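Notes follow the structure.
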Amino acid sequence: MAKKQEAVDDLLDALVWMRRKAKRHAAVDDLIDALVKMRRKAKKKATKSKTIKKKGKKRPRSKG
């Protein structure tokens with residue numbers, strides 16, 4: 001089953017399409033690079049917070 005496509009993926013697809021149509025690629029390339037960099041950073045942050053949430057604090061059991 002295919003993974004659900006996010007809005008960022010749609011934006012990236014549009015930028016790649018724009019790059020193909022543009023005569024000067026430099027500006028579009030910069031946008032694509034910045035978007036990919038932000039996406040990687042966000043994914044890294046999300047996975048890091050996910051592992052912290054899973055870990056959590058161990059609570060002592062109450063006797064009784």
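Chains: A, B, ... in order of the structure tokens. Residues: from 1 per chain. Ligands: from 1, in order shown.
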Just the residues within 9 Å of stretch 9-21 of chain A, please, counting only C-alpha atoms, with nothing from its chain fewer than 3 positions along; format it as a PyMOL selection string. chain A and resi 5-6+24-29+31-32+35-36
Quick one: pull the distance between atom CA of A:Arg40 and atom CA of A:Val8, Å, one decimal. 11.4 Å
List every residue of stretch 6-63 of chain A that DSSP, applied to the backbone of this structure, places in alpha helix (DSSP H), and write the result as a count of residues only. 45
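Across A:Ser62, A:Asp30, A:Lys23, A:Arg39, the tightest approach to A:Ala7 is made by A:Arg39 when counting only C-alpha atoms.
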